[in-house]
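Novice: One structure, pasted below without further comment.
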Amino acid sequence: MKVRSLLTAVEVRQMHTYLERRLEAVGIESRPEVVVRLLDLATNQDAQLIDFARIIKADSAISGRVLKLANSAIFAQRTPVTTLERACLILGLERLKSISLGFYLSRAATAKGVQEISRRVWGQSLLRACMASEAARLTAPNVVAEAFVVGLMMDAGIPLMCRLAGDQYQRFFDDDPAPGKLYRREFELLTFTHVDIITVLGRMWKLPELLARPLELHHTNPAENGKDDPPSRLHRIAYCTGAPVLSSWKEDEPSVVVEDVSAQKLLGIDDEQMGMLVSRSVREYQMLIEVFSGIALPLGDFESLMSCVQRSLSRAVDMSVEASLAKETGGDASKVVVCGQTVEIVREDDGAVIAFVSDSKGQRLASHRVSPGIDTPISICEALGIETTSRDDFSQLTERLRRFAA
């Protein structure tokens with residue numbers, strides 16, 4: 001079978017249909033009943049705390065965890081919290097919505113047969129969720145709860161990759177690469193990626209576009225002139241919080257570092273706000289890890305954890321695809337090398353996206369008006385007259401197309 005980087009748009013759709021059948025076969029719920037009701041409430045502006053409490057009451061597991069959280073020392077209640085209604089009031093609508101929806105989705109997507117890996121990934125994902133919600137609090141305050149769910153679910157496909165892709169993927173994961181590097185290995189060497197799995201899960205669960213799109217694009221570098229609507233803001237948040245290495249305390253050492261591309265720049269926040277984001281994220285994580293006990297494995301030393309998060313977010317974010325692209329094209333990020341030919345993709349002043357093929361001297365030889373989201377690497381190469389009989393790497397061109405489609 002073809003690797004993911006060589007699939008056409010039609011083949012991607014076929015692969016997603018195949019993945020949906022595989023996920024159903026391993027026992028992933030098509031759409032958990034509780035999640036349906038929570039999603040309906042989450043999109044209802046008139047929903048009240050009592051409405052969420054009624055749904056949560058039907059599940060003893062989450063009810064007990066919510067009560068335990070409300071009784072924790074963090075909230076310093078003078079008398080024990082004994083009713084779910086009072087617990088919901090203490091936690092607040094925003095936190096209640098994010099942790100209850102996140103809990104049900106994560107429980108539904110927990111892969112049986114790879115429990116150790118699954119708990120390890122969910123432990124990291126819970127911290128990413130806390131980072132995402134705090135980033136949203138600073139940059140998109142109307143989607144804080146949604147940011148939490150996006151952060152929690154972005155790596156939900158990794159344990160399932162271990163189930164579906166077998167020993168080869170297990171070796172990828174055991175190497176403990178940076179998230180972006182793991183994704184690129186999947187993209188270049190396997191038929192599908194963990195992003196494809198979360199995309200299919202989103203379709204199976206009928207997640208709203210506000211959640212589904214940032215999940216699908218969380219390893220795609222946001223366009224510099226991107227939109228400023230809630231999905232685009234969540235995309236930037238997902239990209240930044242999905243990049244840090246959280247599996248060890250040593251700093252990642254990418255082969256190429258893209259300077260001045262930090263989370264601060266992408267999110268539009270300053271150093272003081274970044275410090276606030278980190279400290280609040282770790283504090284929230286300390287509080288919530290008990291809610292997700294049994295699903296998420298705690299990351300350990302919270303002081304070291306805070307240092308790790310600060311270092312990872314403040315440095316250049318992991319842009320492995322972009323970095324290698326810049327290396328191969330002399331630093332010009334608008335150019336990619338495909339089948340030995342240099343292809344340049346630019347957005348014109350009128351918004352049109354144009355692909356050019358150039359000779360060794362940089363002279364443009366042919367052009368093609370690109371339709372992002374429709375055109376594929378193969379269709380662009382055919383339009384530009386580039387021979388594609390070999391199995392050269394299309395990943396850079398695909399990544400560039402995803403950016404223009406974002």
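Here's how to read the names in the structure tokens: chain A, B, ... by the order shown, residue numbers from 1 in each chain, ligand numbers from 1 in the order shown.
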Using only C-alpha atoms, determine which residues lie at most 7 Å from segment 84-90 of chain A, disregarding the query and same-chain residues fewer than 5 positions distant; provide the list as a compact mmCIF listing (two decimals) with N, CA and C atoms, in the first residue's frame.
Specialist:
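Full text of selection-v4.txt as output:
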```txt
# COMPACT_ATOMS: atom_id res chain seq x y z
N LEU A 49 -25.57 25.29 34.72
CA LEU A 49 -24.86 24.27 35.47
C LEU A 49 -25.75 23.07 35.80
N ILE A 50 -26.98 23.34 36.15
CA ILE A 50 -27.89 22.27 36.54
C ILE A 50 -28.12 21.30 35.39
N ALA A 53 -25.21 19.02 35.32
CA ALA A 53 -25.28 18.15 36.50
C ALA A 53 -26.23 16.98 36.27
N SER A 63 -19.32 11.34 38.28
CA SER A 63 -19.95 12.00 39.43
C SER A 63 -19.02 11.95 40.63
N VAL A 66 -16.00 14.29 40.10
CA VAL A 66 -16.35 15.70 40.25
C VAL A 66 -16.50 16.06 41.73
N LEU A 67 -17.14 15.19 42.50
CA LEU A 67 -17.29 15.44 43.94
C LEU A 67 -15.93 15.43 44.63
N ALA A 70 -14.21 18.75 43.88
CA ALA A 70 -14.81 19.87 44.61
C ALA A 70 -14.42 19.84 46.08
N LEU A 96 -16.40 22.66 34.32
CA LEU A 96 -17.26 21.49 34.31
C LEU A 96 -17.49 20.98 32.88
```
Novice: Check the DSSP output for the backbone and give back, as number ranges by chain, the residues of segment 168-300 of chain A in helix (DSSP H, G or I).
Specialist: A: 168-174, 179-189, 194-204, 209-216, 230-241, 263-267, 271-288
Novice: Which residue is closest to Phe148 of chain A? Choose from A:Ala129, A:Val337, A:Met204, A:Val3 and count only C-alpha atoms.
Specialist: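 Closest to Phe148 of chain A, using only C-alpha atoms: A:Ala129.
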Novice: When distances are computed from only C-alpha atoms, which of A:Arg37, A:Arg402, A:Lys2, A:Lys181 shows the smallest separation from Lys97 of chain A?
Specialist: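 Smallest separation from Lys97 of chain A among the options: A:Arg37.
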Novice: Give me, as a short mmCIF file (atom, residue, chain, number, x, y, z; two decimals) with N, CA and C atoms, in the first residue's frame, all polymer residues having an atom no more than 7 Å from segment 206-211 of chain A, counting only C-alpha atoms and skipping those fewer than 2 positions away in the same chain.
Specialist:
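Output (part-v9.cif):
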```cif
data_model
loop_
_atom_site.label_atom_id
_atom_site.label_comp_id
_atom_site.auth_asym_id
_atom_site.auth_seq_id
_atom_site.Cartn_x
_atom_site.Cartn_y
_atom_site.Cartn_z
N GLU A 146 -13.58 24.53 24.85
CA GLU A 146 -13.30 23.82 23.60
C GLU A 146 -11.80 23.59 23.43
N VAL A 150 -9.77 20.06 22.70
CA VAL A 150 -8.85 19.92 21.57
C VAL A 150 -7.47 19.46 22.07
N GLY A 202 -13.41 12.10 14.89
CA GLY A 202 -14.25 13.29 14.88
C GLY A 202 -15.47 13.11 14.00
N ARG A 203 -15.27 12.42 12.88
CA ARG A 203 -16.40 12.17 11.98
C ARG A 203 -17.35 11.15 12.59
N MET A 204 -16.81 10.10 13.21
CA MET A 204 -17.66 9.08 13.83
C MET A 204 -18.49 9.67 14.96
N ARG A 213 -11.87 20.73 13.24
CA ARG A 213 -10.86 21.33 12.37
C ARG A 213 -9.51 21.54 13.07
N PRO A 214 -9.47 22.11 14.28
CA PRO A 214 -8.18 22.24 14.96
C PRO A 214 -7.52 20.89 15.23
N LEU A 215 -8.31 19.86 15.52
CA LEU A 215 -7.75 18.53 15.73
C LEU A 215 -7.09 18.02 14.45
N PRO A 231 -12.20 28.98 15.10
CA PRO A 231 -11.47 27.77 14.66
C PRO A 231 -10.01 28.04 14.35
#
```
Novice: With only C-alpha atoms as the counted atoms, please give the residues lying no more than 8 Å from Val309 of chain A, apart from itself and same-chain residues fewer than 3 positions off, as a list in words.
Specialist: Pro244, Leu246, Val278, Leu305, Met306, Ser312 and Leu313 of chain A
Novice: Tell me, as a list in words, which residues lie within 10 Å of segment 164-170 of chain A, counting only C-alpha atoms; anything in the same chain fewer than 6 positions away does not count.
Specialist: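 With the cut-off at 10 Å, the set is Leu19, Arg22, Leu23, Val26, Ile117, Gly157, Ile158, Leu182, Arg185, Glu186, Leu189, Leu190, Thr191, Phe192, Thr193 and Ile197 of chain A.
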Novice: Using only C-alpha atoms, which of the listed residues (A:Asp40, A:Phe292, A:Asn142, A:Gly242) sits closest to Arg107 of chain A?
Specialist: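 Looking only at the distances to Arg107 of chain A, the closest residue turns out to be A:Phe292.
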Novice: Compile a residue-level contact table for segment 3-40 of chain A against segment 360-383 of chain A at a cut-off of 12 Å, reporting for every qualifying residue the shortest atom pair and its distance in Å to one decimal, with only C-alpha atoms counted, rows ordered by chain and ascending number, as a tab-separated table.
Specialist:
```
residue	atom	partner	partner_atom	distance
A:Arg4	CA	A:Pro377	CA	11.9
A:Ser5	CA	A:Pro377	CA	9.1
A:Leu6	CA	A:Pro377	CA	8.0
A:Leu7	CA	A:Thr376	CA	8.6
A:Thr8	CA	A:Thr376	CA	6.0
A:Ala9	CA	A:Thr376	CA	6.3
A:Val10	CA	A:Thr376	CA	9.5
A:Glu11	CA	A:Thr376	CA	10.7
A:Val12	CA	A:Thr376	CA	10.5
```
Novice: Write the residues you've just listed into a file as a PDB file, in the first residue's frame, and include N, CA and C atoms for each of them.
Specialist:
```
ATOM      1  N   ARG A   4       1.406   7.450   3.360  1.00  0.00           N
ATOM      2  CA  ARG A   4       0.461   8.572   3.476  1.00  0.00           C
ATOM      3  C   ARG A   4       0.848   9.758   2.600  1.00  0.00           C
ATOM      4  N   SER A   5       2.151  10.034   2.456  1.00  0.00           N
ATOM      5  CA  SER A   5       2.584  11.210   1.702  1.00  0.00           C
ATOM      6  C   SER A   5       2.288  11.106   0.213  1.00  0.00           C
ATOM      7  N   LEU A   6       2.004   9.892  -0.285  1.00  0.00           N
ATOM      8  CA  LEU A   6       1.764   9.704  -1.716  1.00  0.00           C
ATOM      9  C   LEU A   6       0.291   9.529  -2.059  1.00  0.00           C
ATOM     10  N   LEU A   7      -0.578   9.558  -1.064  1.00  0.00           N
ATOM     11  CA  LEU A   7      -2.001   9.334  -1.332  1.00  0.00           C
ATOM     12  C   LEU A   7      -2.643  10.536  -2.004  1.00  0.00           C
ATOM     13  N   THR A   8      -3.499  10.267  -2.964  1.00  0.00           N
ATOM     14  CA  THR A   8      -4.295  11.328  -3.578  1.00  0.00           C
ATOM     15  C   THR A   8      -5.483  11.643  -2.669  1.00  0.00           C
ATOM     16  N   ALA A   9      -6.227  12.705  -3.000  1.00  0.00           N
ATOM     17  CA  ALA A   9      -7.387  13.083  -2.190  1.00  0.00           C
ATOM     18  C   ALA A   9      -8.417  11.960  -2.152  1.00  0.00           C
ATOM     19  N   VAL A  10      -8.627  11.303  -3.275  1.00  0.00           N
ATOM     20  CA  VAL A  10      -9.582  10.185  -3.336  1.00  0.00           C
ATOM     21  C   VAL A  10      -9.098   9.038  -2.460  1.00  0.00           C
ATOM     22  N   GLU A  11      -7.809   8.749  -2.540  1.00  0.00           N
ATOM     23  CA  GLU A  11      -7.253   7.660  -1.733  1.00  0.00           C
ATOM     24  C   GLU A  11      -7.292   7.981  -0.247  1.00  0.00           C
ATOM     25  N   VAL A  12      -7.156   9.248   0.117  1.00  0.00           N
ATOM     26  CA  VAL A  12      -7.275   9.636   1.525  1.00  0.00           C
ATOM     27  C   VAL A  12      -8.679   9.354   2.023  1.00  0.00           C
TER      28      VAL A  12
END
```
Novice: Give me the residues within 9 Å of Ala108 of chain A as a VMD selection string, counting only C-alpha atoms and dropping any in the same chain fewer than 5 places off.
Specialist: chain A and resid 27 to 29 31 to 32 103
Novice: Counting only C-alpha atoms, which residue out of A:Thr82, A:Lys227, A:Gly123, A:His16 sits closest to Gln286 of chain A?
Specialist: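 For Gln286 of chain A, the nearest of the given residues is A:Gly123.
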Novice: Could you state the separation of atom CA of Ser100 of chain A and atom CA of Thr139 of chain A in Å, given to one decimal place?
Specialist: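 Separation between atom CA of Ser100 of chain A and atom CA of Thr139 of chain A: 23.0 Å.
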Novice: Do you know which residues are at most 9 Å from Leu152 of chain A counting only C-alpha atoms, after dropping those on the same chain fewer than 2 positions away, and could you put them as a list in words?
Specialist: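 Listing them by chain and then by number gives Gly102, Ser106, Trp122, Gln124, Ser125, Leu126, Leu127, Arg128, Ala129, Cys130, Ala132, Ala147, Phe148, Val149, Val150, Met154, Asp155 and Ala156 of chain A.
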Novice: Under the rule that only C-alpha atoms are counted, which of A:Arg171, A:Arg78, A:Lys112, A:Arg95 is the nearest residue to Leu288 of chain A?
Specialist: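 Using only C-alpha atoms, Leu288 of chain A sits closest to A:Arg95.
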Novice: Using only C-alpha atoms, which residue out of A:Arg120, A:His218, A:Lys335, A:Arg54 lies closest to Leu38 of chain A?
Specialist: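 Closest residue, counting only C-alpha atoms: A:Arg54.
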Novice: What is the distance between atom CA of Arg137 of chain A and atom CA of Gly300 of chain A, in Å to one decimal?
Specialist: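 Rounded to one decimal, the two atoms are 25.4 Å apart.
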